[in-house]
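Structure first, then comments.
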Amino acid sequence: MTSQIQTNPADRAVKWIERRRWLAFVFIAILLAIQITPKLTMSPDGVSYMSIARSLISHGELNRLGSPHLRYAPAYPILISPTFFFGPRPFVAVQIIQWLCAILLIVGTYAWFAPYAGRSAIWITLLALLNAGFWDLFRQASSELAFMPCVMWGSVLLAAAAKTPSARRATAMMAGAIVLVAIASATRQAGALLTIGFVLALTLRAIRRQITWTRAIACAASLGISIAAVSWGLIAFDHHGAREAGPAEIGYTDAFRAPDASLVSQIIEGVRRQSAEVGRLLIPGMWKAHALAHDWHDPNTWIFLAACLPIAIGWWKLCKTTADPLALTLPFYLALYVIYPFDSGTRFTVPMLPVLAASLWFILAPLGNNRSPVFLILIILHTSVAVGYWIDDAAHVRHRWQHWTAIQQVSHAIPPEAKIIVLRGFAGDDWMFLMYLTDRPVAPESINDPLAKDADWIVTSNLDEYFPGFHPVTQVGNYKIETRDTPNARK
C-alpha cells in the first residue's frame with residue numbers, strides 16, 4: 001500500500017508542492033505580474049476610485065467626478081493617489097500597487113490557515129488566488145485588492161490574540177489587529193463585520209474555558225469600540241457629502257432598500273444571487289454562468305444552491321474545530337450582501353474565497369490524505385479557466401482601447417464646467433473613457449433611451465439628428481458633440 005502511494009504521480013506532485021511552498025507563492029505572483037498592462041480594464045467603480053485619487057493629488061480634496069459625495073470608502077483611493085504624481089494615466093502604477101497587495105494576500109492567506117492545516121494551507125491559498133473571480137478584480141482598479149490583505153492579516157492577528165496565553169502578547173496582537181480591521185473598514189465598509197466574528201470566537205473560547213471571560217470582554221470591547229467609531233465616522237462623512245452634493249444623492253444606509261421591491265422579495269433575490277456567487281467561484285468553468293434576476297427556473301440557480309449545501313456543512317465543521325474569527329464572520333458578511341439590492345457579479349464574495357476554500361477542505365476531511373490531490377485537480381481546472389478568461393478578456397480590452405485616442409479628443413471639446421454628459425449609441429468602454437477623461441458623470445445610453453433630464457452635454461454619432469433643445473458644438477471623427485440651449489445648464 002505504501003509503495004503504491006509513493007509511486008502515485010498525483011501524490012508525488014502534492015508532496016513536492018507542499019515542501020516547496022515558496023515556489024507556489026512565486027508562481028501566483030508571476031501569473032499576476034504578467035497581467036499588468038497600460039490598457040487597464042475599465043469599470044465604473046474603478047473610474048470613480050481613480051477620480052477620487054486624482055482629486056486628492058490635484059486639488060487636495062476628496063471629490064468623485066466633481067462631486068463631494070464619494071459614495072465609496074476612501075482608503076483605497078488614498079492608497080493609489082500617489083500614482084497620479086507620475087502623470088494622468090497611472091494605470092501601470094495602480095496595478096503595481098495592487099500586485100504588492102496581492103503578495104501580502106498570498107502570504108496572509110497561507111498564514112491564516114496554516115495553524116489549522118500545516119503545509120496543506122498552500123492548497124487553500126492556491127484555490128483562492130488562482131481564480132477567475134479574483135483575476136477579474138486584479139485586472140481593474142479595485143478596492144478589494146487592498147481590502148483582502150487587511151482582512152486576512154487582521155484575522156491572523158485576531159485569531160492569535162484569542163489563543164495566546166500571554167496577556168502582553170495578546171495586547172500587542174490586538175493593537176495590530178485594530179489598525180488592520182480599521183483600514184479594512186475604511187476600504188470596504190463590510191470589514192467592520194470582522195468584529196462580530198471575533199466576538200463569537202472569544203465567546204466560544206470563553207465557554208470552552210480556553211480564555212477568561214474578563215479577557216474575552218476586554219478584547220471584544222477594544223475592537224468593537226474602535227471599529228464602531230470608524231464606521232460611524234465613515235457613515236457621517238458619506239451623509240455629509242450626499243447633503244453637499246444635492247437632494248438627489250443618498251448615503252450608505254439609504255442604499256439598502258430597493259424602491260421597486262418588497263423587503264421579502266429583496267431578500268429572496270439576495271439569497272439566489274449570493275448562492276450563485278458562491279457556486280460561480282467554486283465550480284470550475286461556471287464563473288460566467290448565471291441566471292437573470294429573480295429567475296428561479298434557470299438550472300444554474302439550482303446547481304449553485306446544491307453546491308452551497310456541502311460548503312455550509314464544511315463551514316460548520318471549520319468553525320466548530322477552529323473557532324476562527326474570519327470563518328465565523330462569513331454568514332454575516334454574506335447576509336449583508338443578501339440584503340444589499342445590487343448585483344456586482346462575484347465581486348462582493350471574492351474576499352471570502354479563502355473561507356469558502358477552507359470549508360471545502362473540511363467537508364472533504366473523510367478523504368484523508370486524498371484531499372490534497374483533489375484540491376490539486378481543482379486548482380489546475382480553476383487555473384485553466386482563469387488563464388482562458390485572461391487571454392480572452394485581454395483581447396477584448398485591446399480592441400476597446402482602440403477608441404481611447406478619439407475619446408481623448410472628444411473630452412478636450414467638453415469644458416470643465418459640464419455637469420452630466422450623455423454618450424448615446426456607442427457600445428464598449430467609450431463612456432468610461434469619457435468619464436475618466438472629463439472627470440464628470442457620463443450616462444451610457446442607447447439611441448432609443450429617453451435622455452437623462454439633467455444632462456447638459458450629449459456625445460452621439462455624427463449620423464444622428466441633433467437632439468431637440470441642444471445645439472452643435474463640434475465634431476470629432478465619428479462623434480458629434482452638442483450642448484443644451486439653456487445657458488443655466490452650464491452653471
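Scheme for the C-alpha cells: letters A, B, ... for chains in order shown; per-chain residue numbers from 1; ligand numbers from 1 in order shown.
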Residues of region 174-195 of chain A that approach region 320-342 of chain A to 9 Å or less, counting only C-alpha atoms: could you list each one with the shortest pair of atoms and its distance in Å to one decimal, rows by chain and increasing residue number, as JSON lines?
```
{"residue": "A:Ala190", "atom": "CA", "partner": "A:Tyr333", "partner_atom": "CA", "distance": 6.8}
{"residue": "A:Gly191", "atom": "CA", "partner": "A:Tyr333", "partner_atom": "CA", "distance": 8.6}
{"residue": "A:Leu193", "atom": "CA", "partner": "A:Thr329", "partner_atom": "CA", "distance": 6.4}
{"residue": "A:Leu194", "atom": "CA", "partner": "A:Thr329", "partner_atom": "CA", "distance": 5.7}
{"residue": "A:Thr195", "atom": "CA", "partner": "A:Thr329", "partner_atom": "CA", "distance": 8.1}
```
Take the residues just selected and output them with N, CA and C atoms as a PDB file, in the first residue's frame.
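What follows is the written file again30.pdb:
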```pdb
ATOM      1  N   ALA A 190     -17.773  46.642   4.752  1.00  0.00           N
ATOM      2  CA  ALA A 190     -18.058  45.287   5.237  1.00  0.00           C
ATOM      3  C   ALA A 190     -16.969  44.762   6.164  1.00  0.00           C
ATOM      4  N   GLY A 191     -15.800  45.375   6.150  1.00  0.00           N
ATOM      5  CA  GLY A 191     -14.729  44.948   7.039  1.00  0.00           C
ATOM      6  C   GLY A 191     -15.104  45.018   8.510  1.00  0.00           C
ATOM      7  N   LEU A 193     -17.594  43.891   9.863  1.00  0.00           N
ATOM      8  CA  LEU A 193     -18.246  42.653  10.294  1.00  0.00           C
ATOM      9  C   LEU A 193     -17.279  41.677  10.945  1.00  0.00           C
ATOM     10  N   LEU A 194     -15.987  41.877  10.744  1.00  0.00           N
ATOM     11  CA  LEU A 194     -14.999  41.039  11.435  1.00  0.00           C
ATOM     12  C   LEU A 194     -15.159  41.147  12.956  1.00  0.00           C
ATOM     13  N   THR A 195     -15.681  42.274  13.412  1.00  0.00           N
ATOM     14  CA  THR A 195     -15.904  42.447  14.843  1.00  0.00           C
ATOM     15  C   THR A 195     -16.869  41.390  15.376  1.00  0.00           C
TER      16      THR A 195
END
```
Tell me which protein, DNA and RNA residues are within 9 Å of Leu281 (chain A), counting only C-alpha atoms, leaving out same-chain ones fewer than 6 positions away, and put them as a PDB file with C-alpha atoms, in the first residue's frame.
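Result went into around_8.pdb, see below:
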```
ATOM      1  CA  ASN A 131      -9.483  32.005  -9.547  1.00  0.00           C
ATOM      2  CA  ALA A 132     -11.104  33.882 -12.438  1.00  0.00           C
ATOM      3  CA  GLY A 133     -13.182  35.934  -9.990  1.00  0.00           C
ATOM      4  CA  PHE A 134     -10.063  37.216  -8.231  1.00  0.00           C
ATOM      5  CA  TRP A 287     -17.706  31.659 -13.337  1.00  0.00           C
ATOM      6  CA  THR A 346     -18.890  37.788  -7.979  1.00  0.00           C
ATOM      7  CA  THR A 349     -17.958  37.335  -2.447  1.00  0.00           C
ATOM      8  CA  VAL A 350     -14.343  37.140  -3.688  1.00  0.00           C
ATOM      9  CA  LEU A 353     -12.872  32.880  -1.139  1.00  0.00           C
TER      10      LEU A 353
END
```
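Of the residues under consideration (A:Leu463, A:Ala10, A:Ile80, A:Met435), A:Ala10 shows the shortest atom-to-atom contact distance to Asn369 (chain A) when counting only C-alpha atoms.
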Using only C-alpha atoms, what table do you get, as JSON lines, when you list each residue of region 74-141 of chain A with an atom no more than 9 Å from region 389-399 of chain A, its nearest pair of atoms, and their distance in Å rounded to one decimal, rows by chain then rising number?
```
{"residue": "A:Ala132", "atom": "CA", "partner": "A:Tyr389", "partner_atom": "CA", "distance": 6.8}
{"residue": "A:Trp135", "atom": "CA", "partner": "A:Trp390", "partner_atom": "CA", "distance": 7.7}
{"residue": "A:Asp136", "atom": "CA", "partner": "A:Trp390", "partner_atom": "CA", "distance": 8.0}
{"residue": "A:Arg139", "atom": "CA", "partner": "A:Trp390", "partner_atom": "CA", "distance": 8.7}
```
Could I get the residues of region 6-98 of chain A with an atom no further than 12 Å from an atom of region 142-151 of chain A, each paired with its nearest atom pair and that distance in Å to one decimal, using only C-alpha atoms, sorted by chain and residue number, as JSON lines?
```
{"residue": "A:Leu40", "atom": "CA", "partner": "A:Ser142", "partner_atom": "CA", "distance": 11.2}
{"residue": "A:Thr41", "atom": "CA", "partner": "A:Ser142", "partner_atom": "CA", "distance": 10.4}
{"residue": "A:Met42", "atom": "CA", "partner": "A:Ser142", "partner_atom": "CA", "distance": 10.1}
{"residue": "A:Ser43", "atom": "CA", "partner": "A:Ser142", "partner_atom": "CA", "distance": 8.8}
{"residue": "A:Pro44", "atom": "CA", "partner": "A:Ser142", "partner_atom": "CA", "distance": 10.3}
{"residue": "A:Asp45", "atom": "CA", "partner": "A:Ser142", "partner_atom": "CA", "distance": 7.5}
{"residue": "A:Gly46", "atom": "CA", "partner": "A:Ser142", "partner_atom": "CA", "distance": 5.9}
{"residue": "A:Val47", "atom": "CA", "partner": "A:Ser142", "partner_atom": "CA", "distance": 9.6}
{"residue": "A:Ser48", "atom": "CA", "partner": "A:Ser142", "partner_atom": "CA", "distance": 10.2}
{"residue": "A:Tyr49", "atom": "CA", "partner": "A:Ser142", "partner_atom": "CA", "distance": 7.9}
{"residue": "A:Met50", "atom": "CA", "partner": "A:Ser142", "partner_atom": "CA", "distance": 9.8}
{"residue": "A:Tyr72", "atom": "CA", "partner": "A:Ser143", "partner_atom": "CA", "distance": 9.4}
{"residue": "A:Ala73", "atom": "CA", "partner": "A:Ser143", "partner_atom": "CA", "distance": 9.0}
{"residue": "A:Pro74", "atom": "CA", "partner": "A:Ser143", "partner_atom": "CA", "distance": 9.5}
{"residue": "A:Ala75", "atom": "CA", "partner": "A:Ser143", "partner_atom": "CA", "distance": 8.4}
{"residue": "A:Tyr76", "atom": "CA", "partner": "A:Ser143", "partner_atom": "CA", "distance": 5.4}
{"residue": "A:Pro77", "atom": "CA", "partner": "A:Ser143", "partner_atom": "CA", "distance": 8.0}
{"residue": "A:Ile78", "atom": "CA", "partner": "A:Ser143", "partner_atom": "CA", "distance": 10.6}
{"residue": "A:Leu79", "atom": "CA", "partner": "A:Ala146", "partner_atom": "CA", "distance": 8.3}
{"residue": "A:Ile80", "atom": "CA", "partner": "A:Ser143", "partner_atom": "CA", "distance": 9.8}
{"residue": "A:Phe91", "atom": "CA", "partner": "A:Ser142", "partner_atom": "CA", "distance": 12.0}
{"residue": "A:Val94", "atom": "CA", "partner": "A:Ser142", "partner_atom": "CA", "distance": 9.6}
{"residue": "A:Gln95", "atom": "CA", "partner": "A:Ser142", "partner_atom": "CA", "distance": 9.5}
{"residue": "A:Ile96", "atom": "CA", "partner": "A:Leu145", "partner_atom": "CA", "distance": 11.1}
{"residue": "A:Ile97", "atom": "CA", "partner": "A:Ala146", "partner_atom": "CA", "distance": 8.9}
{"residue": "A:Gln98", "atom": "CA", "partner": "A:Leu145", "partner_atom": "CA", "distance": 5.7}
```
Write the residues of the selection above to a file with N, CA, C and O atoms, as a short mmCIF file (atom, residue, chain, number, x, y, z; two decimals), in the first residue's frame.
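Result file is part.cif:
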```cif
data_model
loop_
_atom_site.label_atom_id
_atom_site.label_comp_id
_atom_site.auth_asym_id
_atom_site.auth_seq_id
_atom_site.Cartn_x
_atom_site.Cartn_y
_atom_site.Cartn_z
N LEU A 40 -5.59 49.27 -18.92
CA LEU A 40 -6.32 48.78 -17.76
C LEU A 40 -7.75 48.43 -18.13
O LEU A 40 -8.38 49.13 -18.94
N THR A 41 -8.27 47.36 -17.55
CA THR A 41 -9.69 47.05 -17.72
C THR A 41 -10.50 48.10 -16.97
O THR A 41 -10.35 48.27 -15.76
N MET A 42 -11.36 48.79 -17.71
CA MET A 42 -12.14 49.85 -17.09
C MET A 42 -13.39 49.28 -16.43
O MET A 42 -13.99 48.32 -16.92
N SER A 43 -13.79 49.89 -15.31
CA SER A 43 -15.05 49.57 -14.65
C SER A 43 -15.59 50.87 -14.06
O SER A 43 -14.81 51.78 -13.74
N PRO A 44 -16.91 51.00 -13.91
CA PRO A 44 -17.45 52.23 -13.34
C PRO A 44 -16.88 52.55 -11.96
O PRO A 44 -16.53 53.70 -11.67
N ASP A 45 -16.78 51.52 -11.10
CA ASP A 45 -16.23 51.75 -9.77
C ASP A 45 -14.75 52.14 -9.85
O ASP A 45 -14.29 53.01 -9.11
N GLY A 46 -14.02 51.48 -10.75
CA GLY A 46 -12.61 51.79 -10.90
C GLY A 46 -12.38 53.22 -11.34
O GLY A 46 -11.47 53.90 -10.85
N VAL A 47 -13.20 53.72 -12.26
CA VAL A 47 -13.09 55.11 -12.70
C VAL A 47 -13.36 56.06 -11.53
O VAL A 47 -12.67 57.06 -11.35
N SER A 48 -14.36 55.72 -10.72
CA SER A 48 -14.67 56.56 -9.56
C SER A 48 -13.53 56.57 -8.55
O SER A 48 -13.17 57.62 -8.01
N TYR A 49 -12.94 55.40 -8.28
CA TYR A 49 -11.80 55.34 -7.36
C TYR A 49 -10.66 56.23 -7.86
O TYR A 49 -10.06 56.99 -7.10
N MET A 50 -10.36 56.12 -9.16
CA MET A 50 -9.25 56.90 -9.70
C MET A 50 -9.58 58.39 -9.74
O MET A 50 -8.69 59.23 -9.59
N TYR A 72 -18.08 55.94 -1.90
CA TYR A 72 -17.15 54.84 -1.65
C TYR A 72 -16.33 55.15 -0.41
O TYR A 72 -16.05 56.31 -0.11
N ALA A 73 -15.93 54.11 0.30
CA ALA A 73 -14.99 54.29 1.40
C ALA A 73 -13.67 54.83 0.84
O ALA A 73 -13.25 54.44 -0.26
N PRO A 74 -12.99 55.73 1.55
CA PRO A 74 -11.88 56.48 0.94
C PRO A 74 -10.50 55.84 0.99
O PRO A 74 -9.57 56.34 0.34
N ALA A 75 -10.30 54.74 1.72
CA ALA A 75 -8.93 54.26 1.95
C ALA A 75 -8.25 53.82 0.65
O ALA A 75 -7.07 54.13 0.44
N TYR A 76 -8.97 53.09 -0.22
CA TYR A 76 -8.32 52.63 -1.46
C TYR A 76 -7.93 53.80 -2.38
O TYR A 76 -6.80 53.83 -2.87
N PRO A 77 -8.82 54.78 -2.63
CA PRO A 77 -8.38 55.92 -3.43
C PRO A 77 -7.17 56.65 -2.83
O PRO A 77 -6.29 57.10 -3.57
N ILE A 78 -7.15 56.75 -1.49
CA ILE A 78 -5.99 57.39 -0.85
C ILE A 78 -4.73 56.57 -1.11
O ILE A 78 -3.65 57.12 -1.38
N LEU A 79 -4.85 55.23 -1.06
CA LEU A 79 -3.70 54.35 -1.30
C LEU A 79 -3.11 54.56 -2.69
O LEU A 79 -1.89 54.62 -2.86
N ILE A 80 -3.96 54.66 -3.70
CA ILE A 80 -3.46 54.76 -5.08
C ILE A 80 -3.20 56.20 -5.52
O ILE A 80 -2.67 56.42 -6.62
N PHE A 91 -1.99 53.93 -14.92
CA PHE A 91 -2.65 52.62 -14.83
C PHE A 91 -1.68 51.51 -14.44
O PHE A 91 -2.03 50.61 -13.69
N VAL A 94 -0.93 51.87 -10.67
CA VAL A 94 -2.06 51.38 -9.87
C VAL A 94 -2.00 49.86 -9.78
O VAL A 94 -2.18 49.27 -8.70
N GLN A 95 -1.72 49.21 -10.89
CA GLN A 95 -1.67 47.74 -10.90
C GLN A 95 -0.47 47.22 -10.12
O GLN A 95 -0.55 46.14 -9.52
N ILE A 96 0.63 47.95 -10.12
CA ILE A 96 1.80 47.52 -9.33
C ILE A 96 1.46 47.57 -7.83
O ILE A 96 1.81 46.65 -7.07
N ILE A 97 0.76 48.62 -7.40
CA ILE A 97 0.32 48.68 -6.01
C ILE A 97 -0.59 47.51 -5.69
O ILE A 97 -0.47 46.85 -4.64
N GLN A 98 -1.50 47.19 -6.61
CA GLN A 98 -2.40 46.06 -6.39
C GLN A 98 -1.65 44.74 -6.38
O GLN A 98 -2.01 43.82 -5.65
#
```
Can you list, as an MDAnalysis selection string, every protein, DNA or RNA residue that comes within 8 Å of region 51-56 of chain A when you count only C-alpha atoms, leaving out same-chain residues fewer than 6 positions away? chainID A and resid 62:65 70 77:78 80:82 84 436 439
Residues as selected, all heavy atoms, written as a short mmCIF file (atom, residue, chain, number, x, y, z; two decimals), in the first residue's frame, can you do that?
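Now in part30.cif:
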```
data_model
loop_
_atom_site.label_atom_id
_atom_site.label_comp_id
_atom_site.auth_asym_id
_atom_site.auth_seq_id
_atom_site.Cartn_x
_atom_site.Cartn_y
_atom_site.Cartn_z
N LEU A 62 -11.15 65.40 -1.47
CA LEU A 62 -11.72 64.12 -1.86
C LEU A 62 -13.04 64.37 -2.60
O LEU A 62 -14.09 64.60 -1.98
CB LEU A 62 -11.95 63.24 -0.63
CG LEU A 62 -10.70 62.69 0.06
CD1 LEU A 62 -11.08 62.01 1.37
CD2 LEU A 62 -9.97 61.70 -0.85
N ASN A 63 -12.98 64.37 -3.92
CA ASN A 63 -14.17 64.53 -4.76
C ASN A 63 -14.23 63.38 -5.75
O ASN A 63 -13.19 62.88 -6.20
CB ASN A 63 -14.15 65.85 -5.51
CG ASN A 63 -14.40 67.04 -4.61
OD1 ASN A 63 -15.24 66.96 -3.71
ND2 ASN A 63 -13.68 68.13 -4.81
N ARG A 64 -15.44 62.97 -6.10
CA ARG A 64 -15.65 61.91 -7.09
C ARG A 64 -16.39 62.47 -8.29
O ARG A 64 -17.51 62.92 -8.18
CB ARG A 64 -16.46 60.76 -6.48
CG ARG A 64 -16.79 59.63 -7.45
CD ARG A 64 -17.83 58.70 -6.88
NE ARG A 64 -19.04 59.43 -6.51
CZ ARG A 64 -20.00 59.75 -7.37
NH1 ARG A 64 -19.90 59.43 -8.65
NH2 ARG A 64 -21.08 60.42 -6.94
N LEU A 65 -15.71 62.50 -9.43
CA LEU A 65 -16.30 63.00 -10.67
C LEU A 65 -16.89 64.39 -10.46
O LEU A 65 -18.00 64.71 -10.90
CB LEU A 65 -17.38 62.04 -11.18
CG LEU A 65 -16.89 60.60 -11.47
CD1 LEU A 65 -18.06 59.70 -11.81
CD2 LEU A 65 -15.86 60.59 -12.59
N LEU A 70 -18.65 60.99 -2.18
CA LEU A 70 -17.76 59.94 -2.70
C LEU A 70 -18.51 58.67 -3.06
O LEU A 70 -18.18 57.99 -4.03
CB LEU A 70 -16.67 59.61 -1.68
CG LEU A 70 -15.75 60.76 -1.26
CD1 LEU A 70 -14.59 60.21 -0.45
CD2 LEU A 70 -15.24 61.54 -2.46
N PRO A 77 -8.82 54.78 -2.63
CA PRO A 77 -8.38 55.92 -3.43
C PRO A 77 -7.17 56.65 -2.83
O PRO A 77 -6.29 57.10 -3.57
CB PRO A 77 -9.62 56.82 -3.47
CG PRO A 77 -10.76 55.91 -3.27
CD PRO A 77 -10.27 54.84 -2.33
N ILE A 78 -7.15 56.75 -1.49
CA ILE A 78 -5.99 57.39 -0.85
C ILE A 78 -4.73 56.57 -1.11
O ILE A 78 -3.65 57.12 -1.38
CB ILE A 78 -6.24 57.56 0.66
CG1 ILE A 78 -7.37 58.59 0.90
CG2 ILE A 78 -4.97 57.99 1.38
CD1 ILE A 78 -7.83 58.68 2.34
N ILE A 80 -3.96 54.66 -3.70
CA ILE A 80 -3.46 54.76 -5.08
C ILE A 80 -3.20 56.20 -5.52
O ILE A 80 -2.67 56.42 -6.62
CB ILE A 80 -4.41 54.08 -6.09
CG1 ILE A 80 -5.76 54.79 -6.14
CG2 ILE A 80 -4.58 52.60 -5.76
CD1 ILE A 80 -6.69 54.29 -7.25
N SER A 81 -3.57 57.17 -4.68
CA SER A 81 -3.43 58.58 -5.09
C SER A 81 -2.01 58.98 -5.47
O SER A 81 -1.83 59.75 -6.43
CB SER A 81 -3.98 59.50 -4.00
OG SER A 81 -3.27 59.37 -2.79
N PRO A 82 -0.94 58.49 -4.79
CA PRO A 82 0.40 58.90 -5.20
C PRO A 82 0.76 58.54 -6.64
O PRO A 82 1.67 59.14 -7.22
CB PRO A 82 1.32 58.16 -4.21
CG PRO A 82 0.46 57.93 -3.01
CD PRO A 82 -0.90 57.66 -3.56
N PHE A 84 -0.72 59.34 -9.19
CA PHE A 84 -1.01 60.46 -10.09
C PHE A 84 0.10 61.50 -10.10
O PHE A 84 0.05 62.44 -10.90
CB PHE A 84 -2.36 61.09 -9.73
CG PHE A 84 -3.53 60.30 -10.23
CD1 PHE A 84 -4.10 59.31 -9.44
CD2 PHE A 84 -4.03 60.51 -11.50
CE1 PHE A 84 -5.17 58.56 -9.92
CE2 PHE A 84 -5.09 59.77 -11.99
CZ PHE A 84 -5.66 58.79 -11.20
N TYR A 436 -13.63 59.07 -17.31
CA TYR A 436 -12.30 59.22 -16.72
C TYR A 436 -11.63 60.51 -17.20
O TYR A 436 -11.04 61.26 -16.41
CB TYR A 436 -11.43 58.01 -17.09
CG TYR A 436 -10.02 58.11 -16.55
CD1 TYR A 436 -9.73 57.72 -15.26
CD2 TYR A 436 -8.99 58.62 -17.35
CE1 TYR A 436 -8.44 57.83 -14.75
CE2 TYR A 436 -7.70 58.73 -16.85
CZ TYR A 436 -7.42 58.34 -15.56
OH TYR A 436 -6.15 58.46 -15.06
N ASP A 439 -13.64 63.68 -16.02
CA ASP A 439 -13.86 63.69 -14.57
C ASP A 439 -15.27 64.17 -14.24
O ASP A 439 -15.48 64.93 -13.29
CB ASP A 439 -12.82 64.56 -13.87
CG ASP A 439 -12.70 64.22 -12.38
OD1 ASP A 439 -12.91 63.04 -12.04
OD2 ASP A 439 -12.42 65.13 -11.57
#
```
Using only C-alpha atoms for the distances, tell me which of A:Phe237, A:Phe426, A:Trp361, A:Trp315 is nearest to His69 (chain A).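 Of A:Phe237, A:Phe426, A:Trp361, A:Trp315, the one nearest His69 (chain A), counting only C-alpha atoms, is A:Phe237.
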Can you tell me, as number ranges by chain, what residues are no more than 10 Å from Arg280 (chain A) when counting only C-alpha atoms, ignoring any on the same chain fewer than 2 positions away? A: 132-133, 274-278, 282-290, 300, 303-304, 307, 345-346
What is the distance between CA of Leu364 (chain A) and CA of Ile196 (chain A), in Å to one decimal? 27.2 Å
To one decimal place in Å, what is the distance between CA of Arg272 (chain A) and CA of Gln189 (chain A)?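 One can read the CA of Arg272 (chain A) to CA of Gln189 (chain A) distance as 22.6 Å.
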Which residue out of A:Val26, A:Cys219, A:Ile34, A:Leu127 has the minimum interatomic distance to Met352 (chain A) when only C-alpha atoms are used? A:Leu127
I need the residue nearest Gly176 (chain A) from this list: A:Ala218, A:Ile250, A:Leu223, A:Leu309. Use only C-alpha atoms for the distance.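 Distance minimum relative to Gly176 (chain A) lands on A:Leu223.
Here CA of Asn462 (chain A) is placed at a distance of 10.7 Å from CA of Gly425 (chain A).
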Within 10 Å of region 372-380 of chain A, counting only C-alpha atoms, which residues qualify if same-chain residues fewer than 5 places away don't, as number ranges by chain? A: 9-15, 17-18, 120-131, 282-284, 357, 360-361, 364, 367, 385-386
Between A:Gln210, A:Gln35, A:Ser155, A:Thr483, which has the minimum distance to Phe113 (chain A) (counting only C-alpha atoms)?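 The closest residue to Phe113 (chain A) is A:Ser155.
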Fewer than 3 positions away in the same chain doesn't count, so skip those; otherwise give me all residues within 9 Å of Ile103 (chain A), counting only C-alpha atoms, as a list in words. Phe25, Ile28, Ala29, Gln98, Trp99, Leu100, Ile106, Val107, Gly108 and Pro149 of chain A
Take the residues from that selection and write them out as a PDB file, in the first residue's frame, keeping N, CA and C atoms.
```pdb
ATOM      1  N   PHE A  25       4.025  30.323  -4.125  1.00  0.00           N
ATOM      2  CA  PHE A  25       3.815  31.761  -3.956  1.00  0.00           C
ATOM      3  C   PHE A  25       4.359  32.527  -5.160  1.00  0.00           C
ATOM      4  N   ILE A  28       2.109  32.131  -8.306  1.00  0.00           N
ATOM      5  CA  ILE A  28       0.939  33.006  -8.304  1.00  0.00           C
ATOM      6  C   ILE A  28       1.359  34.440  -8.623  1.00  0.00           C
ATOM      7  N   ALA A  29       2.439  34.892  -7.987  1.00  0.00           N
ATOM      8  CA  ALA A  29       2.889  36.267  -8.182  1.00  0.00           C
ATOM      9  C   ALA A  29       3.264  36.531  -9.635  1.00  0.00           C
ATOM     10  N   GLN A  98      -1.500  47.190  -6.611  1.00  0.00           N
ATOM     11  CA  GLN A  98      -2.404  46.064  -6.394  1.00  0.00           C
ATOM     12  C   GLN A  98      -1.646  44.742  -6.385  1.00  0.00           C
ATOM     13  N   TRP A  99      -0.597  44.648  -7.172  1.00  0.00           N
ATOM     14  CA  TRP A  99       0.219  43.429  -7.194  1.00  0.00           C
ATOM     15  C   TRP A  99       0.924  43.245  -5.849  1.00  0.00           C
ATOM     16  N   LEU A 100       1.434  44.343  -5.291  1.00  0.00           N
ATOM     17  CA  LEU A 100       2.063  44.256  -3.970  1.00  0.00           C
ATOM     18  C   LEU A 100       1.040  43.857  -2.910  1.00  0.00           C
ATOM     19  N   ILE A 106      -1.368  36.689  -0.608  1.00  0.00           N
ATOM     20  CA  ILE A 106      -0.895  35.311  -0.792  1.00  0.00           C
ATOM     21  C   ILE A 106      -0.321  34.780   0.516  1.00  0.00           C
ATOM     22  N   VAL A 107       0.616  35.536   1.072  1.00  0.00           N
ATOM     23  CA  VAL A 107       1.275  35.103   2.308  1.00  0.00           C
ATOM     24  C   VAL A 107       0.274  35.108   3.463  1.00  0.00           C
ATOM     25  N   GLY A 108      -0.616  36.105   3.495  1.00  0.00           N
ATOM     26  CA  GLY A 108      -1.592  36.201   4.570  1.00  0.00           C
ATOM     27  C   GLY A 108      -2.590  35.060   4.566  1.00  0.00           C
ATOM     28  N   PRO A 149      -6.032  41.807   1.809  1.00  0.00           N
ATOM     29  CA  PRO A 149      -4.882  41.556   2.700  1.00  0.00           C
ATOM     30  C   PRO A 149      -5.075  42.126   4.100  1.00  0.00           C
TER      31      PRO A 149
END
```
Could you give me, as a list in words, the residues within 12 Å of Asp295 (chain A), counting only C-alpha atoms and dropping anything in the same chain fewer than 6 positions from it? Ile268, Glu269, Gly270, Val271, Arg272, Arg273, Ala276, Thr301 and Trp302 of chain A
Since we have the selection now, will you write its residues out, keeping C-alpha atoms, as a PDB file, in the first residue's frame?
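Full text of result_11.pdb as output:
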```pdb
ATOM      1  CA  ILE A 268     -35.232  36.155  -1.590  1.00  0.00           C
ATOM      2  CA  GLU A 269     -33.450  37.570  -4.617  1.00  0.00           C
ATOM      3  CA  GLY A 270     -30.397  38.247  -2.458  1.00  0.00           C
ATOM      4  CA  VAL A 271     -30.270  34.589  -1.395  1.00  0.00           C
ATOM      5  CA  ARG A 272     -30.432  33.493  -5.039  1.00  0.00           C
ATOM      6  CA  ARG A 273     -27.763  35.999  -6.033  1.00  0.00           C
ATOM      7  CA  ALA A 276     -24.900  31.933  -7.275  1.00  0.00           C
ATOM      8  CA  THR A 301     -29.805  28.603  -9.851  1.00  0.00           C
ATOM      9  CA  TRP A 302     -30.377  25.114  -8.502  1.00  0.00           C
TER      10      TRP A 302
END
```
Please, which residues of region 118-365 of chain A, numbered as in this document, come out alpha helix (DSSP H) from DSSP, as a ChimeraX atom specification? /A:121-129,132-138,144-163,167-187,194-207,213-245,263-282,299-322,325-339,353-363
